[in-house]
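Novice: Here's a structure for you.
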There are 2 protein chains.
Amino acid sequence: MMRRADPSLDYFFRPRTVALIGASSKPGKIGHESLRSLLMTGYLGKVYPVNPRAGEILGLKTYPSLLDVPDEVDLAVITLPAPSVVDAMKDCLKKGVKAVVIISGGFGEAGSEGKRMEREVVRLAKEGGIRIIGPNCIGVFDGYSMVDTSFQPHERMGRPGPGVVAFLSQSGTFGATFLDWAAEDHLGVSKMVSLGNRADVDEADLISYFAGDPKTHVIGVYVESFTRGRELMEAVRNAGKPVVVYKASRTEKGSLAAVSHTGRMVAKHEVASSALRQAGALLVDSFGELYAAVKALAKQPAMKGGGVVMVTNGAGPCVMAADELVMRRVPIAQLSEDTKEELRGSLPPYVLVGDFVIDLTGSANTSDYLNALEVLAKSEEVGLLGVFVVFQDSPLEDDFAEVLSRFDAAGKPLLVFAAGGRYTRDKRSLLEEAGIPTYDDVREFASASLALWWWGSHERQGALGV
Amino acid sequence: MMRRADPSLDYFFRPRTVALIGASSKPGKIGHESLRSLLMTGYLGKVYPVNPRAGEILGLKTYPSLLDVPDEVDLAVITLPAPSVVDAMKDCLKKGVKAVVIISGGFGEAGSEGKRMEREVVRLAKEGGIRIIGPNCIGVFDGYSMVDTSFQPHERMGRPGPGVVAFLSQSGTFGATFLDWAAEDHLGVSKMVSLGNRADVDEADLISYFAGDPKTHVIGVYVESFTRGRELMEAVRNAGKPVVVYKASRTEKGSLAAVSHTGRMVAKHEVASSALRQAGALLVDSFGELYAAVKALAKQPAMKGGGVVMVTNGAGPCVMAADELVMRRVPIAQLSEDTKEELRGSLPPYVLVGDFVIDLTGSANTSDYLNALEVLAKSEEVGLLGVFVVFQDSPLEDDFAEVLSRFDAAGKPLLVFAAGGRYTRDKRSLLEEAGIPTYDDVREFASASLALWWWGSHERQGALGV
């Protein structure tokens, strides 16, 4: 069941106009760099810098006040110091702004005076029917409208193209890492939101919104705590799309609470995890595993049955992978004697044909891989093709990645594991560009497999949470 | 207590002459690429290719048989197909070869005929007093003599420079990944050995040997199983140097044993792990964590007391890090009020000074980091400086990595966490070159911290295994 998205959130992602309040002419300042992102990333709407002094910034005429902007303003981005934000909000009310991203910190996270200001900002927003993302965040990125409020310059952080992943992060840092990694991995993104202090818009709002967004097929979530548990669970339950969550702050120390009651946060974490799982989310154990899972779900079909098989020219990582798959309860293939016989018939005699690992050995070349994969892709025991490659091994042809990227896996998911330096990274990049997710950490490969298996079970059952 | 190294193993690492039996003129063939590594990596001894047909390979005169080589041969590297290796070994006996690396597969791992050949090879070696590494491996690398038998060409895999880390791996794949990563991270290596089938030389032999090697200060071990448990434990107990182990094959599936008794391997793994731990090794949970720990031990001093503190311009990963440190029982700092007061006095008012996280916020610049680190480096509550950096954030100056690399941490270990794309990787590389280990996976940061804390406890107690 899909819910209608809250239309008030549209203004964050598809505003006709954006004003940047606190625009600065000084490179390196947040009010300069966020403006630069709005201009450079590709947003095609109108952008109005607001600054009481500068006449022009980055070639754009600036306005002394928001009220001087000669246009309606859908989205205001505020980078002013916290004490000036309340006045800026008052201007937003007068101007009839629909949505506000507050990048600035110095609010709830900074003590009692900050908390007071945050409450005042929220009160004003409610009064004006304005939605707020932040404060204390990097804001929003939209892979289609190319709205981009982040203050990380293009020279330092990549921007992904359009695609099916929506990502929301309580941490701006992990939001930036996500965008940077997604850009390198050719992972298309529909939306990224850095939640910050969540004075208004929270993870429950956004999961519901992403659920109703036809561009979004996969939802990734990094959180340390929840604001509204019941609404969050309902949002997850009704999402109708894979929701993968990594929740940090599992321990008391992790909660950063200095004086606290031992064990309290741990218990809370376990309760929260269990509720999320029951609501139908997939919980994973690290930010890297979250990214790995989301990437797999975005680029590959789910597992339709069967188990994971591994084809390799160097079996060490397959041993570790088998352990990690077992720990995550992902089914591992048990090849039938018929399949093994067929494999032996099409491969050199020294190949080790195991129950779920085909070790082509360091002598493997491209056609060995293809011959093995062709047999496995049509075997009903196989649900996922794990291609473990030592690109460094010289008997393997230099064009293996190109050839593999054209392999027809007959509707089965295919993931690649390869760990090494620059040469290996270049080959991985080529595969990523062709839509094949790659991993250099076995636990991330296992997390990706888990996600495809988990989502496949949901699809087979035709419902969530069963 | 340090034991004398077995001198018979010296011939693997400091041979005066090397013969390559199975040298091939065809690029991409293992017998060609191993020869190329011997020539290209920098080994200065004599290299004799043996090939019954080719007259010259890579500019070197070849010899039809080992017996035609007009010189003594310390080390023979064999890349022939398995069925020809027994005859080659007979030649090695006649020639008085001291040590043999058998790269070729097709032995014990390949079935009963392979096992028979392996036994015959070992019998011959014992008869001639020859030590064997392999078969089914990539052989040895020595960062000082630059002996390098691996068949991964330089264009595809980096070679590290000389240094203090000795690494041994049952898996050639992880051996190759280790060399590739170490080269990129400017991590100096004394020796790398790919153990393969361990027909003769095993992990116990090599840990004892590395213990007696003055160039080696840190020993990293990847294994899936042990050959001689008692000898291994004794070698670890007497090493007198940090020995960090990642043991895969934790589950039945992981053991790759198709038809087996559920739980048997798991139990074995637990027994083995516990024995290793009691012998004084540090056990970690993934190959990435093993590499992370070894890199930290090689580049930084151990923790002398106190706890981990984190300084950051983006606190999300610090939350995850606190969790992961707690899970590994690494002490986290509890800053005193005096230290916090001093920090507040030297930092902007919006900085969040916590008990163990100093959040400089996204507005941080280089001097904020330095001011915080200077106070922390001299605080007795602090045992390890965790510097968490969002290099992407524009307020941070472009030369932060350069400045940080010159920071005097007053004898305390300093580790950097930073996750992102190319820009971030370039900054990390600069820090690595300056001897500061960097991580983009929080669990690897935590593993590195654990290693420095663990080894610091050993040093404080002045003994192993206490």
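Labels for the structure tokens follow display order: chains A, B, ..., residues from 1 in each chain, ligands from 1.
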Write out as a ChimeraX atom specification each polymer residue whose atoms come within 8 Å of B:Ala204, counting only C-alpha atoms; drop sequence neighbours fewer than 5 positions from it.
Specialist: /B:228,231-233,235-236
Novice: Would you pick out the contacts of A:Val403 at 10 Å or less, using only C-alpha atoms, so that residues sharing its chain but fewer than 2 positions from it are not included, and give the list as a PyMOL selection string?
Specialist: chain A and resi 366-367+370+397-401+405-407+431
Novice: Pull the closest atom pair for each residue of chain A that gets at most 6 Å from chain B, along with the distance in Å to one decimal, counting only C-alpha atoms, ordering rows by chain and then ascending residue number, as JSON lines.
Specialist:
```
{"residue": "A:Gly28", "atom": "CA", "partner": "B:Pro395", "partner_atom": "CA", "distance": 4.6}
{"residue": "A:Lys29", "atom": "CA", "partner": "B:Pro395", "partner_atom": "CA", "distance": 5.7}
{"residue": "A:Gln152", "atom": "CA", "partner": "B:Asp393", "partner_atom": "CA", "distance": 5.0}
{"residue": "A:Arg156", "atom": "CA", "partner": "B:Gln392", "partner_atom": "CA", "distance": 5.0}
{"residue": "A:Met157", "atom": "CA", "partner": "B:Gln392", "partner_atom": "CA", "distance": 5.8}
{"residue": "A:Ser171", "atom": "CA", "partner": "B:Gly316", "partner_atom": "CA", "distance": 4.9}
{"residue": "A:Thr173", "atom": "CA", "partner": "B:Gly314", "partner_atom": "CA", "distance": 5.3}
{"residue": "A:Thr177", "atom": "CA", "partner": "B:Gly420", "partner_atom": "CA", "distance": 5.0}
{"residue": "A:Asp180", "atom": "CA", "partner": "B:Gly421", "partner_atom": "CA", "distance": 5.4}
{"residue": "A:Trp181", "atom": "CA", "partner": "B:Gly421", "partner_atom": "CA", "distance": 5.8}
{"residue": "A:Ala248", "atom": "CA", "partner": "B:Met320", "partner_atom": "CA", "distance": 5.3}
{"residue": "A:Ser249", "atom": "CA", "partner": "B:Val319", "partner_atom": "CA", "distance": 5.8}
{"residue": "A:Arg250", "atom": "CA", "partner": "B:Asp323", "partner_atom": "CA", "distance": 5.9}
{"residue": "A:Thr251", "atom": "CA", "partner": "B:Asp323", "partner_atom": "CA", "distance": 5.4}
{"residue": "A:Lys253", "atom": "CA", "partner": "B:Ala322", "partner_atom": "CA", "distance": 5.8}
{"residue": "A:Gly254", "atom": "CA", "partner": "B:Ala322", "partner_atom": "CA", "distance": 4.7}
{"residue": "A:Gly314", "atom": "CA", "partner": "B:Thr173", "partner_atom": "CA", "distance": 5.3}
{"residue": "A:Gly316", "atom": "CA", "partner": "B:Ser171", "partner_atom": "CA", "distance": 4.9}
{"residue": "A:Val319", "atom": "CA", "partner": "B:Gly254", "partner_atom": "CA", "distance": 4.9}
{"residue": "A:Met320", "atom": "CA", "partner": "B:Ala248", "partner_atom": "CA", "distance": 5.3}
{"residue": "A:Ala322", "atom": "CA", "partner": "B:Gly254", "partner_atom": "CA", "distance": 4.7}
{"residue": "A:Asp323", "atom": "CA", "partner": "B:Gly254", "partner_atom": "CA", "distance": 4.7}
{"residue": "A:Gln392", "atom": "CA", "partner": "B:Arg156", "partner_atom": "CA", "distance": 5.0}
{"residue": "A:Asp393", "atom": "CA", "partner": "B:Gln152", "partner_atom": "CA", "distance": 5.0}
{"residue": "A:Ser394", "atom": "CA", "partner": "B:Gly28", "partner_atom": "CA", "distance": 5.0}
{"residue": "A:Pro395", "atom": "CA", "partner": "B:Gly28", "partner_atom": "CA", "distance": 4.7}
{"residue": "A:Ala419", "atom": "CA", "partner": "B:Thr177", "partner_atom": "CA", "distance": 5.9}
{"residue": "A:Gly420", "atom": "CA", "partner": "B:Thr177", "partner_atom": "CA", "distance": 5.0}
{"residue": "A:Gly421", "atom": "CA", "partner": "B:Asp180", "partner_atom": "CA", "distance": 5.4}
{"residue": "A:Tyr423", "atom": "CA", "partner": "B:Arg156", "partner_atom": "CA", "distance": 5.3}
```
Novice: With only C-alpha atoms as the basis for distance, which of B:Glu289, B:Lys340, B:Met89, B:Thr312 is at the shortest distance from B:Glu127?
Specialist: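 Among the listed residues, the smallest separation from B:Glu127 belongs to B:Met89.
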Novice: I'd like to know which residues of stretch 242-403 of chain B are alpha helix (DSSP H) (by DSSP, run on the backbone); could you write them as a ChimeraX atom specification?
Specialist: /B:264-279,287-299,316-327,337-346,366-377,400-403
Novice: Leaving out stretch 302-309 of chain A and any residue of its chain fewer than 2 positions from it, which residues lie within 6 Å of it when counting only C-alpha atoms, given as an MDAnalysis selection string?
Specialist: chainID A and resid 331:333 356 381:386 452:453 455:456
Novice: I need the strand (DSSP E or B) residues of stretch 61-151 of chain B per DSSP on the backbone, written as a list in words.
Specialist: Lys61, Tyr63, Leu75, Ala76, Val77, Ile78, Ala99, Val100, Val101, Ile102, Arg131, Ile132, Ile133, Val140, Phe141, Asp142 and Asp148 of chain B
